[in-house]
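Right, one structure below, let's go through it.
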Amino acid sequence: MSVERVVMDINPWGNLSTSLVVTGEGVGSAFLLTELQLTDLSASEGIGVFSGPDWATLTVHDRHAKSADEQATELLALLRPRKPALDALRESGKSVKVDVSGVADPRTALLISPTVLMGLADLELPVTFTTVTESGEDPEDPLAWLDA
């Protein structure tokens, strides 16, 4: 039996962002900022607020903090003191999660330190990872296993 060794580059993903994502009826920027008592949040703090119909995010983008660790640390500093508000959002039926997203090239990895992962776990929120390739397409054929 042979073992194939896969070599991964530990390069940061492009267009990396780490976000608190809240979805549910009536959710928008003003709602989220009010619920988390962040009405005085300014763009100079490196956190962007984005929204659409029934969703809103607090996002740390790579223009402010380059690594996933730095971004998650910034977000954690903002969210830790607001954990009761996050819990209340979940209890009211809203979907609340942290999402790390970016453009992932083949054979690259994104490292997040155990300390940051523990901080995220303390929030008791799901953490998701959303990746796309530069072309927006999966670099591998997802049905290639059918040729076997």
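Residues in the structure tokens are named by chain (A, B, ... in the order shown) and by number from 1 within that chain; ligands are numbered from 1 in the order shown.
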**Q.** Filtered DSSP result for segment 40-103 of chain A, state helix (DSSP H, G or I), as a ChimeraX atom specification
**A.** /A:43-45,68-91
**Q.** Close residues, Pro126 of chain A itself excluded, 9 Å, only C-alpha atoms, min 5 positions apart in chain, as a PyMOL selection string
**A.** chain A and resi 96-99+120-121
Those selected residues, please, written with N, CA and C atoms and delivered as a compact mmCIF listing (two decimals), in the first residue's frame.
```
# COMPACT_ATOMS: atom_id res chain seq x y z
N VAL A 96 -27.09 32.46 13.93
CA VAL A 96 -25.90 33.24 14.28
C VAL A 96 -24.68 32.34 14.14
N LYS A 97 -23.68 32.79 13.36
CA LYS A 97 -22.46 31.99 13.17
C LYS A 97 -21.29 32.91 12.88
N VAL A 98 -20.10 32.35 12.93
CA VAL A 98 -18.88 33.03 12.48
C VAL A 98 -18.45 32.33 11.19
N ASP A 99 -18.14 33.12 10.18
CA ASP A 99 -17.72 32.56 8.90
C ASP A 99 -16.38 33.15 8.49
N LEU A 120 -13.13 31.13 19.81
CA LEU A 120 -14.33 30.96 19.00
C LEU A 120 -15.27 29.94 19.64
N ALA A 121 -14.71 28.86 20.17
CA ALA A 121 -15.53 27.84 20.83
C ALA A 121 -16.25 28.41 22.04
```
**Q.** Long-range neighbours of Asn15 of chain A as a PyMOL selection string, 10 Å cut-off, only C-alpha atoms, 2 positions minimum in chain
**A.** chain A and resi 12-13+17+61-63+66+101-104+134
Serialized selection, N, CA and C atoms, as a PDB file, in the first residue's frame:
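Saved result, out17.pdb, follows:
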```pdb
ATOM      1  N   PRO A  12      -1.720  32.525   3.076  1.00  0.00           N
ATOM      2  CA  PRO A  12      -3.065  32.998   3.402  1.00  0.00           C
ATOM      3  C   PRO A  12      -3.937  33.009   2.154  1.00  0.00           C
ATOM      4  N   TRP A  13      -5.198  32.792   2.376  1.00  0.00           N
ATOM      5  CA  TRP A  13      -6.144  32.871   1.272  1.00  0.00           C
ATOM      6  C   TRP A  13      -6.230  34.314   0.817  1.00  0.00           C
ATOM      7  N   SER A  17     -11.764  37.220   4.781  1.00  0.00           N
ATOM      8  CA  SER A  17     -12.575  37.986   5.727  1.00  0.00           C
ATOM      9  C   SER A  17     -13.155  37.042   6.770  1.00  0.00           C
ATOM     10  N   HIS A  61     -12.078  42.558   7.394  1.00  0.00           N
ATOM     11  CA  HIS A  61     -11.560  42.224   6.067  1.00  0.00           C
ATOM     12  C   HIS A  61     -10.041  42.276   6.071  1.00  0.00           C
ATOM     13  N   ASP A  62      -9.417  41.689   5.055  1.00  0.00           N
ATOM     14  CA  ASP A  62      -7.956  41.652   4.992  1.00  0.00           C
ATOM     15  C   ASP A  62      -7.316  43.011   4.770  1.00  0.00           C
ATOM     16  N   ARG A  63      -8.097  44.030   4.473  1.00  0.00           N
ATOM     17  CA  ARG A  63      -7.518  45.377   4.398  1.00  0.00           C
ATOM     18  C   ARG A  63      -7.137  45.873   5.794  1.00  0.00           C
ATOM     19  N   LYS A  66      -4.543  41.000   8.197  1.00  0.00           N
ATOM     20  CA  LYS A  66      -4.187  40.101   7.097  1.00  0.00           C
ATOM     21  C   LYS A  66      -4.478  38.629   7.358  1.00  0.00           C
ATOM     22  N   SER A 101     -14.005  33.369   5.247  1.00  0.00           N
ATOM     23  CA  SER A 101     -14.140  33.145   3.811  1.00  0.00           C
ATOM     24  C   SER A 101     -12.977  33.762   3.052  1.00  0.00           C
ATOM     25  N   GLY A 102     -12.739  33.203   1.873  1.00  0.00           N
ATOM     26  CA  GLY A 102     -11.682  33.743   1.034  1.00  0.00           C
ATOM     27  C   GLY A 102     -11.494  32.935  -0.230  1.00  0.00           C
ATOM     28  N   VAL A 103     -10.589  33.426  -1.060  1.00  0.00           N
ATOM     29  CA  VAL A 103     -10.232  32.761  -2.302  1.00  0.00           C
ATOM     30  C   VAL A 103      -9.095  31.790  -1.986  1.00  0.00           C
ATOM     31  N   ALA A 104      -9.345  30.518  -2.194  1.00  0.00           N
ATOM     32  CA  ALA A 104      -8.369  29.488  -1.872  1.00  0.00           C
ATOM     33  C   ALA A 104      -7.782  28.897  -3.148  1.00  0.00           C
ATOM     34  N   GLU A 134     -10.106  31.417  -7.595  1.00  0.00           N
ATOM     35  CA  GLU A 134     -10.030  32.684  -8.324  1.00  0.00           C
ATOM     36  C   GLU A 134     -11.034  32.714  -9.476  1.00  0.00           C
TER      37      GLU A 134
END
```
Q | Among listed residues A:Val116, A:Ala68, A:Val27, A:Leu20, nearest Gly48 of chain A (using only C-alpha atoms) | A |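 So, comparing all the options, the nearest one is A:Leu20.
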Q | Minimum-distance residue to Gln37 of chain A, chosen among A:Pro106, A:Gly24, A:Pro53, A:Pro81 (using only C-alpha atoms) | A |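 Checking each candidate against Gln37 of chain A, we get A:Pro81 as the closest.
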Q | Counting only C-alpha atoms, the option among A:Leu78, A:Ser19, A:Ala56, A:Glu70 closest to Leu38 of chain A | A |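 Smallest distance to Leu38 of chain A is found for A:Leu78.
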Q. Quick one, how far is atom CA of Asp122 of chain A from atom CA of Phe50 of chain A?
A.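 Atom CA of Asp122 of chain A sits 24.5 Å away from atom CA of Phe50 of chain A.
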Q) What gap, in Å, lies between atom CA of Ala85 of chain A and atom CA of Ser29 of chain A? A)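 Going from atom CA of Ala85 of chain A over to atom CA of Ser29 of chain A covers 15.2 Å.
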(Q) I'd like to know which of A:Thr18, A:Ser51, A:Thr133, A:Ser67 is closest to Leu111 of chain A, using only C-alpha atoms. (A)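 Result for the nearest residue to Leu111 of chain A: A:Ser67.
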Q | Residue neighbourhood Leu36 of chain A, 9 Å, only C-alpha atoms, exclusion window fewer than 2 positions, as a VMD selection string | A | chain A and resid 31 to 34 38 to 39 79 82 to 83 85 to 86
Q) Expressed in Å to a single decimal, how great is the separation between atom CA of Leu58 of chain A and atom CA of Ala77 of chain A? A) 12.5 Å
